[in-house]
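Trainee: Below is the file data-v4.cif, with mmCIF, C-alpha atoms.
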```cif
data_run
#
loop_
_atom_site.group_PDB
_atom_site.id
_atom_site.type_symbol
_atom_site.label_atom_id
_atom_site.label_comp_id
_atom_site.auth_asym_id
_atom_site.auth_seq_id
_atom_site.Cartn_x
_atom_site.Cartn_y
_atom_site.Cartn_z
ATOM 1 C CA MET A 1 106.754 12.711 -8.714
ATOM 2 C CA MET A 2 106.629 15.966 -10.613
ATOM 3 C CA ALA A 3 110.057 16.959 -11.904
ATOM 4 C CA PRO A 4 111.557 20.215 -10.561
ATOM 5 C CA SER A 5 111.444 23.143 -12.953
ATOM 6 C CA ILE A 6 114.513 25.342 -13.490
ATOM 7 C CA SER A 7 114.655 29.058 -14.147
ATOM 8 C CA ARG A 8 117.443 31.604 -14.306
ATOM 9 C CA SER A 9 117.641 34.647 -12.122
ATOM 10 C CA PRO A 10 118.353 37.862 -14.017
ATOM 11 C CA ALA A 11 120.488 39.123 -11.117
ATOM 12 C CA SER A 12 123.460 37.032 -12.180
ATOM 13 C CA THR A 13 124.359 34.706 -15.017
ATOM 14 C CA ARG A 14 125.427 32.135 -12.431
ATOM 15 C CA GLN A 15 122.358 32.283 -10.209
ATOM 16 C CA ARG A 16 119.844 29.488 -10.631
ATOM 17 C CA VAL A 17 116.505 28.761 -9.028
ATOM 18 C CA ILE A 18 115.042 25.281 -8.776
ATOM 19 C CA VAL A 19 111.371 24.953 -7.936
ATOM 20 C CA SER A 20 110.919 21.753 -5.969
ATOM 21 C CA PRO A 21 107.908 19.450 -6.412
ATOM 22 C CA GLU A 22 106.372 21.233 -3.396
ATOM 23 C CA GLY A 23 106.619 24.565 -5.246
ATOM 24 C CA VAL A 24 109.444 25.905 -3.057
ATOM 25 C CA PRO A 25 112.098 27.999 -4.876
ATOM 26 C CA LEU A 26 115.663 26.963 -4.015
ATOM 27 C CA HIS A 27 118.451 29.394 -4.895
ATOM 28 C CA PHE A 28 122.055 28.461 -5.597
ATOM 29 C CA THR A 29 125.066 29.527 -7.634
ATOM 30 C CA LEU A 30 126.861 27.680 -10.406
ATOM 31 C CA ALA A 31 130.621 27.352 -10.051
ATOM 32 C CA SER A 32 132.577 29.744 -12.231
ATOM 33 C CA ARG A 33 134.655 28.423 -15.101
ATOM 34 C CA GLY A 34 137.780 29.745 -13.391
ATOM 35 C CA ALA A 35 137.003 27.856 -10.179
ATOM 36 C CA ARG A 36 136.444 24.645 -12.141
ATOM 37 C CA ALA A 37 139.701 25.083 -14.051
ATOM 38 C CA ALA A 38 141.621 25.833 -10.844
ATOM 39 C CA ALA A 39 140.136 22.758 -9.163
ATOM 40 C CA LEU A 40 141.158 20.589 -12.108
ATOM 41 C CA PHE A 41 144.727 21.916 -12.071
ATOM 42 C CA ILE A 42 144.996 21.300 -8.329
ATOM 43 C CA ASP A 43 143.714 17.747 -8.724
ATOM 44 C CA LEU A 44 146.073 17.061 -11.638
ATOM 45 C CA ALA A 45 149.011 18.424 -9.617
ATOM 46 C CA MET A 46 148.072 16.098 -6.750
ATOM 47 C CA ILE A 47 147.703 13.161 -9.128
ATOM 48 C CA VAL A 48 151.108 13.813 -10.708
ATOM 49 C CA GLY A 49 152.639 14.192 -7.250
ATOM 50 C CA ALA A 50 151.095 10.893 -6.159
ATOM 51 C CA MET A 51 152.376 9.193 -9.330
ATOM 52 C CA VAL A 52 155.892 10.529 -8.787
ATOM 53 C CA GLY A 53 155.804 9.491 -5.143
ATOM 54 C CA ALA A 54 154.629 5.971 -6.010
ATOM 55 C CA THR A 55 157.341 5.688 -8.673
ATOM 56 C CA LEU A 56 160.081 6.767 -6.255
ATOM 57 C CA ILE A 57 158.860 4.396 -3.556
ATOM 58 C CA LEU A 58 158.765 1.404 -5.897
ATOM 59 C CA ALA A 59 162.140 2.316 -7.407
ATOM 60 C CA LYS A 60 163.634 2.620 -3.925
ATOM 61 C CA LEU A 61 162.107 -0.707 -2.956
ATOM 62 C CA ALA A 62 163.508 -2.453 -6.027
ATOM 63 C CA ASP A 63 166.933 -0.878 -5.540
ATOM 64 C CA GLY A 64 166.992 -1.761 -1.847
ATOM 65 C CA ILE A 65 166.534 -5.478 -2.474
ATOM 66 C CA GLY A 66 168.812 -5.493 -5.515
ATOM 67 C CA LEU A 67 166.193 -6.189 -8.171
ATOM 68 C CA ASN A 68 166.840 -5.539 -11.848
ATOM 69 C CA ILE A 69 164.097 -5.440 -14.459
ATOM 70 C CA THR A 70 166.558 -6.860 -17.011
ATOM 71 C CA GLY A 71 167.216 -9.928 -14.904
ATOM 72 C CA GLY A 72 165.455 -12.192 -17.370
ATOM 73 C CA GLY A 73 163.737 -15.295 -16.056
ATOM 74 C CA SER A 74 165.597 -15.331 -12.753
ATOM 75 C CA PRO A 75 163.603 -15.010 -9.516
ATOM 76 C CA ALA A 76 164.971 -11.498 -9.029
ATOM 77 C CA GLY A 77 163.942 -10.559 -12.557
ATOM 78 C CA ARG A 78 160.427 -11.896 -12.066
ATOM 79 C CA ALA A 79 160.123 -10.002 -8.797
ATOM 80 C CA ALA A 80 161.219 -6.809 -10.548
ATOM 81 C CA GLU A 81 158.634 -7.400 -13.273
ATOM 82 C CA ALA A 82 155.961 -7.831 -10.593
ATOM 83 C CA ILE A 83 156.946 -4.478 -9.088
ATOM 84 C CA ALA A 84 156.746 -2.926 -12.555
ATOM 85 C CA VAL A 85 153.210 -4.289 -12.941
ATOM 86 C CA VAL A 86 152.261 -2.823 -9.569
ATOM 87 C CA TRP A 87 153.678 0.507 -10.760
ATOM 88 C CA ILE A 88 151.569 0.451 -13.948
ATOM 89 C CA VAL A 89 148.412 -0.430 -11.992
ATOM 90 C CA ALA A 90 149.132 2.356 -9.474
ATOM 91 C CA LEU A 91 149.496 4.923 -12.264
ATOM 92 C CA PHE A 92 146.255 3.739 -13.834
ATOM 93 C CA LEU A 93 144.392 4.016 -10.525
ATOM 94 C CA PHE A 94 145.770 7.457 -9.738
ATOM 95 C CA ARG A 95 144.625 8.768 -13.121
ATOM 96 C CA ASN A 96 141.218 7.099 -13.273
ATOM 97 C CA ALA A 97 140.123 6.343 -9.724
ATOM 98 C CA TRP A 98 141.013 9.702 -8.176
ATOM 99 C CA PHE A 99 137.914 11.512 -9.408
ATOM 100 C CA LEU A 100 135.634 8.499 -8.960
ATOM 101 C CA PHE A 101 136.703 7.897 -5.366
ATOM 102 C CA PHE A 102 136.224 11.461 -4.156
ATOM 103 C CA GLU A 103 133.096 12.351 -6.142
ATOM 104 C CA LEU A 104 131.372 9.161 -4.986
ATOM 105 C CA GLY A 105 132.083 10.269 -1.423
ATOM 106 C CA PRO A 106 129.612 12.149 0.776
ATOM 107 C CA ARG A 107 130.940 15.588 -0.250
ATOM 108 C CA GLY A 108 130.721 14.988 -4.003
ATOM 109 C CA ALA A 109 134.027 16.796 -4.475
ATOM 110 C CA THR A 110 137.692 16.046 -5.106
ATOM 111 C CA PRO A 111 140.347 17.785 -2.968
ATOM 112 C CA GLY A 112 140.751 20.392 -5.706
ATOM 113 C CA LYS A 113 137.029 21.142 -5.729
ATOM 114 C CA ARG A 114 136.917 21.338 -1.941
ATOM 115 C CA ILE A 115 139.788 23.837 -1.920
ATOM 116 C CA CYS A 116 137.942 25.955 -4.508
ATOM 117 C CA GLY A 117 134.633 25.696 -2.647
ATOM 118 C CA ILE A 118 132.685 23.789 -5.306
ATOM 119 C CA ARG A 119 131.094 20.367 -5.671
ATOM 120 C CA VAL A 120 129.269 18.141 -8.152
ATOM 121 C CA ALA A 121 125.463 17.921 -7.935
ATOM 122 C CA ALA A 122 122.754 16.214 -9.924
ATOM 123 C CA ARG A 123 120.847 18.610 -12.168
ATOM 124 C CA ALA A 124 117.662 16.620 -11.685
ATOM 125 C CA ARG A 125 117.503 17.346 -7.975
ATOM 126 C CA GLY A 126 119.199 20.722 -7.776
ATOM 127 C CA ALA A 127 121.791 22.285 -5.563
ATOM 128 C CA GLY A 128 122.777 21.861 -1.977
ATOM 129 C CA GLY A 129 122.443 18.078 -2.071
ATOM 130 C CA GLY A 130 121.273 16.783 -5.416
ATOM 131 C CA GLN A 131 121.597 13.012 -5.147
ATOM 132 C CA LEU A 132 124.500 11.775 -7.243
ATOM 133 C CA THR A 133 124.119 8.240 -8.529
ATOM 134 C CA THR A 134 127.100 5.977 -9.006
ATOM 135 C CA GLU A 135 126.257 5.742 -12.709
ATOM 136 C CA ALA A 136 126.351 9.535 -13.142
ATOM 137 C CA VAL A 137 129.742 9.882 -11.445
ATOM 138 C CA ILE A 138 131.234 7.044 -13.509
ATOM 139 C CA ALA A 139 129.824 8.490 -16.742
ATOM 140 C CA ARG A 140 131.131 12.039 -16.203
ATOM 141 C CA ASN A 141 134.593 10.763 -15.333
ATOM 142 C CA LEU A 142 134.883 8.255 -18.153
ATOM 143 C CA VAL A 143 134.157 11.083 -20.566
ATOM 144 C CA ARG A 144 137.076 13.029 -19.018
ATOM 145 C CA ASP A 145 139.455 10.587 -20.718
ATOM 146 C CA ILE A 146 138.004 11.585 -24.090
ATOM 147 C CA GLU A 147 137.941 15.284 -23.178
ATOM 148 C CA LEU A 148 141.369 15.633 -21.579
ATOM 149 C CA PHE A 149 143.766 12.724 -21.291
ATOM 150 C CA LEU A 150 143.451 11.113 -24.725
ATOM 151 C CA PRO A 151 143.834 14.308 -26.807
ATOM 152 C CA LEU A 152 146.784 15.467 -24.670
ATOM 153 C CA LEU A 153 148.437 12.055 -24.969
ATOM 154 C CA PHE A 154 147.804 12.115 -28.724
ATOM 155 C CA PHE A 155 149.279 15.624 -29.003
ATOM 156 C CA ILE A 156 152.359 14.908 -26.874
ATOM 157 C CA THR A 157 153.098 11.621 -28.634
ATOM 158 C CA ALA A 158 152.770 13.186 -32.075
ATOM 159 C CA ALA A 159 154.887 16.209 -31.089
ATOM 160 C CA VAL A 160 157.711 14.068 -29.696
ATOM 161 C CA GLU A 161 157.956 11.786 -32.741
ATOM 162 C CA GLY A 162 159.120 14.551 -35.100
ATOM 163 C CA GLU A 163 158.170 16.760 -38.004
ATOM 164 C CA ASP A 164 156.253 14.110 -39.919
ATOM 165 C CA THR A 165 153.609 14.117 -37.201
ATOM 166 C CA ASP A 166 152.931 17.864 -37.092
ATOM 167 C CA LEU A 167 149.457 17.402 -38.562
ATOM 168 C CA ALA A 168 148.621 14.726 -35.993
ATOM 169 C CA ALA A 169 149.836 16.997 -33.191
ATOM 170 C CA LEU A 170 147.628 19.791 -34.508
ATOM 171 C CA ALA A 171 144.666 17.410 -34.649
ATOM 172 C CA GLY A 172 145.249 16.462 -31.014
ATOM 173 C CA LEU A 173 145.417 20.120 -30.019
ATOM 174 C CA VAL A 174 142.158 20.928 -31.858
ATOM 175 C CA TRP A 175 140.532 17.890 -30.280
ATOM 176 C CA PHE A 176 141.539 19.125 -26.831
ATOM 177 C CA GLY A 177 140.454 22.699 -27.578
ATOM 178 C CA ILE A 178 136.936 21.700 -28.642
ATOM 179 C CA PHE A 179 136.253 20.013 -25.317
ATOM 180 C CA ALA A 180 138.173 22.584 -23.247
ATOM 181 C CA PHE A 181 136.051 25.453 -24.573
ATOM 182 C CA PHE A 182 132.757 23.536 -24.485
ATOM 183 C CA PRO A 183 131.700 25.151 -21.128
ATOM 184 C CA PHE A 184 131.910 28.587 -22.797
ATOM 185 C CA PHE A 185 129.162 27.681 -25.255
ATOM 186 C CA ASN A 186 126.370 26.874 -22.806
ATOM 187 C CA ARG A 187 124.866 29.019 -20.075
ATOM 188 C CA ASP A 188 125.151 26.397 -17.356
ATOM 189 C CA ARG A 189 128.942 26.020 -17.856
ATOM 190 C CA LEU A 190 128.574 22.298 -18.496
ATOM 191 C CA ARG A 191 131.361 20.212 -19.924
ATOM 192 C CA CYS A 192 130.490 17.209 -22.087
ATOM 193 C CA GLY A 193 130.724 14.869 -19.104
ATOM 194 C CA ASP A 194 128.126 16.948 -17.264
ATOM 195 C CA VAL A 195 125.766 16.878 -20.246
ATOM 196 C CA ILE A 196 125.989 13.097 -20.528
ATOM 197 C CA ALA A 197 125.808 12.357 -16.793
ATOM 198 C CA GLY A 198 123.105 14.918 -15.925
ATOM 199 C CA THR A 199 125.314 16.807 -13.466
ATOM 200 C CA TRP A 200 126.638 20.307 -12.934
ATOM 201 C CA VAL A 201 129.115 21.926 -10.570
ATOM 202 C CA ILE A 202 127.867 24.366 -7.955
ATOM 203 C CA GLU A 203 129.343 26.565 -5.273
ATOM 204 C CA VAL A 204 129.227 25.125 -1.770
ATOM 205 C CA PRO A 205 127.319 27.566 0.466
ATOM 206 C CA ARG A 206 129.135 28.789 3.544
ATOM 207 C CA PRO A 207 127.953 26.902 6.648
ATOM 208 C CA ARG A 208 126.282 29.887 8.296
ATOM 209 C CA LEU A 209 122.958 28.194 9.023
ATOM 210 C CA GLN A 210 124.379 25.630 11.467
ATOM 211 C CA GLN A 211 125.781 28.352 13.706
ATOM 212 C CA ALA A 212 122.552 30.365 13.516
ATOM 213 C CA LEU A 213 120.413 27.390 14.486
ATOM 214 C CA SER A 214 122.706 26.292 17.280
ATOM 215 C CA ILE A 215 122.334 29.637 19.069
ATOM 216 C CA SER A 216 118.714 30.312 18.070
ATOM 217 C CA GLU A 217 116.125 29.804 20.807
ATOM 218 C CA ALA A 218 113.555 28.968 18.163
ATOM 219 C CA ALA A 219 115.684 26.053 16.996
ATOM 220 C CA GLY A 220 115.148 24.491 20.388
ATOM 221 C CA GLY A 221 111.395 24.602 19.867
ATOM 222 C CA HIS A 222 110.488 27.931 21.500
ATOM 223 C CA SER A 223 109.415 31.125 19.741
ATOM 224 C CA THR A 224 110.367 34.451 21.276
ATOM 225 C CA GLU A 225 107.807 36.179 19.008
ATOM 226 C CA ALA A 226 104.657 34.322 19.953
ATOM 227 C CA GLY A 227 105.816 32.674 23.152
ATOM 228 C CA SER A 228 104.782 29.251 21.882
ATOM 229 C CA GLY A 229 106.785 26.061 21.980
ATOM 230 C CA TYR A 230 106.998 23.594 19.123
ATOM 231 C CA ARG A 231 107.650 19.942 19.827
ATOM 232 C CA PHE A 232 107.016 17.397 17.082
ATOM 233 C CA THR A 233 106.158 13.735 17.445
ATOM 234 C CA GLU A 234 108.095 10.897 15.860
ATOM 235 C CA ALA A 235 105.304 10.390 13.329
ATOM 236 C CA GLU A 236 105.386 14.075 12.329
ATOM 237 C CA LEU A 237 109.158 14.005 11.850
ATOM 238 C CA ALA A 238 109.108 10.688 9.963
ATOM 239 C CA VAL A 239 107.286 12.350 7.059
ATOM 240 C CA TYR A 240 110.456 13.913 5.582
ATOM 241 C CA GLY A 241 114.020 12.810 4.817
ATOM 242 C CA GLU A 242 117.473 14.193 4.056
ATOM 243 C CA TYR A 243 116.544 15.855 0.776
ATOM 244 C CA GLU A 244 113.708 17.825 2.370
ATOM 245 C CA LEU A 245 115.947 18.687 5.328
ATOM 246 C CA GLN A 246 118.466 20.345 3.047
ATOM 247 C CA ALA A 247 115.725 22.082 1.079
ATOM 248 C CA LEU A 248 114.376 23.456 4.367
ATOM 249 C CA GLU A 249 117.874 24.583 5.362
ATOM 250 C CA ARG A 250 118.221 26.543 2.135
ATOM 251 C CA VAL A 251 114.848 28.231 2.641
ATOM 252 C CA LEU A 252 115.876 29.295 6.149
ATOM 253 C CA ARG A 253 119.245 30.538 4.951
ATOM 254 C CA ASP A 254 117.728 32.616 2.162
ATOM 255 C CA LYS A 255 115.421 34.359 4.668
ATOM 256 C CA ARG A 256 112.730 35.039 2.063
ATOM 257 C CA ALA A 257 109.541 35.773 3.996
ATOM 258 C CA GLU A 258 107.206 34.524 1.274
ATOM 259 C CA ALA A 259 109.079 31.227 0.875
ATOM 260 C CA ILE A 260 109.209 30.711 4.650
ATOM 261 C CA ARG A 261 105.460 31.272 4.903
ATOM 262 C CA ASP A 262 104.678 28.924 1.988
ATOM 263 C CA VAL A 263 106.929 26.158 3.328
ATOM 264 C CA ALA A 264 105.513 26.462 6.845
ATOM 265 C CA GLU A 265 102.000 26.115 5.411
ATOM 266 C CA ALA A 266 103.042 23.123 3.271
ATOM 267 C CA ILE A 267 104.637 21.314 6.221
ATOM 268 C CA GLY A 268 101.688 22.190 8.432
ATOM 269 C CA ARG A 269 99.255 20.651 5.966
ATOM 270 C CA LYS A 270 101.440 17.565 5.651
ATOM 271 C CA ILE A 271 101.702 16.865 9.378
ATOM 272 C CA GLY A 272 98.331 18.286 10.402
ATOM 273 C CA ARG A 273 99.674 21.239 12.395
ATOM 274 C CA SER A 274 100.173 24.916 11.718
ATOM 275 C CA SER A 275 102.172 27.830 13.060
ATOM 276 C CA GLY A 276 100.702 31.060 14.307
ATOM 277 C CA SER A 277 100.580 34.054 12.019
ATOM 278 C CA GLY A 278 103.989 35.707 11.960
ATOM 279 C CA ASP A 279 105.548 32.725 13.735
ATOM 280 C CA GLU A 280 106.397 30.686 10.618
ATOM 281 C CA ARG A 281 110.180 30.968 10.934
ATOM 282 C CA ALA A 282 110.198 29.720 14.534
ATOM 283 C CA PHE A 283 107.976 26.840 13.423
ATOM 284 C CA LEU A 284 110.396 25.914 10.602
ATOM 285 C CA GLU A 285 113.543 26.301 12.695
ATOM 286 C CA ALA A 286 112.110 24.029 15.378
ATOM 287 C CA TYR A 287 111.030 21.473 12.796
ATOM 288 C CA TYR A 288 114.452 21.648 11.095
ATOM 289 C CA ALA A 289 116.366 21.115 14.360
ATOM 290 C CA GLN A 290 114.220 18.186 15.466
ATOM 291 C CA LEU A 291 114.141 16.558 12.012
ATOM 292 C CA ARG A 292 117.913 16.856 11.757
ATOM 293 C CA ALA A 293 118.367 15.309 15.208
ATOM 294 C CA ARG A 294 116.107 12.411 14.208
ATOM 295 C CA LEU A 295 117.961 11.754 10.950
ATOM 296 C CA GLU A 296 121.384 11.967 12.597
ATOM 297 C CA THR A 297 120.265 9.494 15.278
ATOM 298 C CA GLY A 298 119.104 7.130 12.565
ATOM 299 C CA MET A 299 122.443 7.430 10.768
ATOM 300 C CA ARG A 300 124.306 6.431 13.934
ATOM 301 C CA PHE A 301 122.286 3.222 13.915
ATOM 302 C CA GLY A 302 122.896 2.617 10.203
ATOM 303 C CA ARG A 303 119.518 3.880 8.948
ATOM 304 C CA ARG A 304 119.026 6.637 6.384
ATOM 305 C CA LYS A 305 115.910 8.168 4.855
ATOM 306 C CA ALA A 306 116.753 9.785 1.528
ATOM 307 C CA ASP A 307 113.504 11.724 1.042
ATOM 308 C CA LYS A 308 109.784 11.716 1.808
ATOM 309 C CA HIS A 309 109.118 9.016 -0.786
ATOM 310 C CA SER A 310 111.492 6.448 0.741
ATOM 311 C CA SER A 311 111.495 4.462 3.941
ATOM 312 C CA ASP A 312 114.444 4.295 6.303
ATOM 313 C CA LYS A 313 117.245 2.340 4.638
ATOM 314 C CA HIS A 314 120.256 0.649 6.158
ATOM 315 C CA SER A 315 123.530 2.440 5.432
ATOM 316 C CA SER A 316 124.820 -0.565 3.465
ATOM 317 C CA ASP A 317 122.228 0.078 0.726
ATOM 318 C CA LYS A 318 123.271 1.291 -2.728
ATOM 319 C CA HIS A 319 125.066 4.650 -2.797
ATOM 320 C CA SER A 320 122.430 6.342 -4.909
ATOM 321 C CA SER A 321 119.740 5.520 -2.348
ATOM 322 C CA ALA A 322 121.688 6.946 0.532
ATOM 323 C CA GLY A 323 121.198 10.548 -0.534
ATOM 324 C CA PRO A 324 123.309 13.573 0.266
ATOM 325 C CA PRO A 325 125.074 14.071 3.610
ATOM 326 C CA LEU A 326 123.447 16.038 6.373
ATOM 327 C CA PRO A 327 124.688 19.630 6.662
ATOM 328 C CA GLY A 328 127.638 20.142 8.955
#
```
As structure tokens, how would this structure be written, given the file I've shared?

Mentor:
Amino acid sequence: MMAPSISRSPASTRQRVIVSPEGVPLHFTLASRGARAAALFIDLAMIVGAMVGATLILAKLADGIGLNITGGGSPAGRAAEAIAVVWIVALFLFRNAWFLFFELGPRGATPGKRICGIRVAARARGAGGGQLTTEAVIARNLVRDIELFLPLLFFITAAVEGEDTDLAALAGLVWFGIFAFFPFFNRDRLRCGDVIAGTWVIEVPRPRLQQALSISEAAGGHSTEAGSGYRFTEAELAVYGEYELQALERVLRDKRAEAIRDVAEAIGRKIGRSSGSGDERAFLEAYYAQLRARLETGMRFGRRKADKHSSDKHSSDKHSSAGPPLPG
């Protein structure tokens, strides 16, 4: 399959356009550096809060049953040591699994990112549903340790130990600064983890299309312009999958007449049907609504079709094959 080409819109430094393999331009907006920083701070605050909460719960548990970590080899001492091990594992999971768990989810976003209205997407497939592989999410988050946690730990440890470690503390601060300012030195606002994993962070578009389609008569398969009804067969709808559905949604949301006409012609050629002149939007809205209904029905029965190149897959298949979630 031909790889999508990427260009930058002169209207804004954060606007990007991805041209899909079908030649359809898809517009989206990169997340601002401020939004990414705010999301990170929110996530870190939640992680610290979870760590403190877990510590208090385990301490209360140990105190309630009279355990003492200094109890030596006694049964009570061994039980206290077991609780201490659980505490260490919990802290490790909070710090490392937080980002992995949420970004591997269907929204591709941690709670902090969701609050700030941004999400992670694969650069190779573009915005609004670029398929994130498990490997990409793991890679970008493993690099976060090198970018953030290790230099801060190095700096704090060196600063606490005294004057003899001033140079080491400075080295840790410089180390942190290099990675912290990395997004300012590339136009796509990528941090090192994004460069390595092939991802970027984009703004989540407001869900205006779902409301428009739900009240649009054309979405039900009838055009008020030409008076024609559009009903598609199972074979015609089976041509496309979730990726194409979201690409079609973006075209409809952007309301660009030329793109709507080109996409209607491309779909018409693919399924052997065509819309009337001037009726392209009704044709696309009807196809979108019926394709979405078909895919959602398949999901309820554990089947998903990632894109036009794949067959329906059971929902227990590998995460990277499942594709992005349906809108709404």

Trainee: From the list A:Phe154, A:Tyr240, A:Phe176, A:Tyr230, which residue is nearest Ile267 (chain A) when using all atoms listed in the file?

Mentor: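 Of A:Phe154, A:Tyr240, A:Phe176, A:Tyr230, the one nearest Ile267 (chain A) is A:Tyr240, counting all atoms listed in the file.
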
Trainee: List the neighbours of Asp145 (chain A) out to 12 Å using only C-alpha atoms; skip same-chain residues closer than 3 positions along the sequence, and give me the result as JSON, numbers by chain.

Mentor: {"A": [92, 95, 96, 97, 99, 138, 139, 140, 141, 142, 148, 149, 150, 151, 152, 153, 154, 176, 179, 192, 193]}

Trainee: So the first atom is CA of Ala180 (chain A) and the second is CA of Ile88 (chain A); what is the distance between them in Å, to one decimal place?

Mentor: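 Spanning CA of Ala180 (chain A) to CA of Ile88 (chain A) is a straight-line distance of 27.5 Å.
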
Trainee: Evaluate the PyMOL selection byres ((chain A and resi 236) around 10) here and jot the selected residues down as a PyMOL selection string.

Mentor: chain A and resi 231-235+237-240+267-268+270-273+287+291

Trainee: Now that the selection is made, can you save its residues with C-alpha atoms as a compact mmCIF listing (two decimals), in the coordinates of the input?

Mentor:
```txt
# COMPACT_ATOMS: atom_id res chain seq x y z
CA ARG A 231 107.65 19.94 19.83
CA PHE A 232 107.02 17.40 17.08
CA THR A 233 106.16 13.74 17.44
CA GLU A 234 108.10 10.90 15.86
CA ALA A 235 105.30 10.39 13.33
CA LEU A 237 109.16 14.00 11.85
CA ALA A 238 109.11 10.69 9.96
CA VAL A 239 107.29 12.35 7.06
CA TYR A 240 110.46 13.91 5.58
CA ILE A 267 104.64 21.31 6.22
CA GLY A 268 101.69 22.19 8.43
CA LYS A 270 101.44 17.57 5.65
CA ILE A 271 101.70 16.86 9.38
CA GLY A 272 98.33 18.29 10.40
CA ARG A 273 99.67 21.24 12.40
CA TYR A 287 111.03 21.47 12.80
CA LEU A 291 114.14 16.56 12.01
```

Trainee: So that I can see what lies close to region 256-264 of chain A, please list as a PyMOL selection string the residues with an atom at most 7 Å from it, counting only C-alpha atoms and leaving out residues fewer than 4 positions away in the same chain.

Mentor: chain A and resi 24+251-252+268+280-281+284

Trainee: If I take CA of Gly198 (chain A) and CA of Ile118 (chain A), how far is one from the other in Å, to one decimal?

Mentor: 16.8 Å
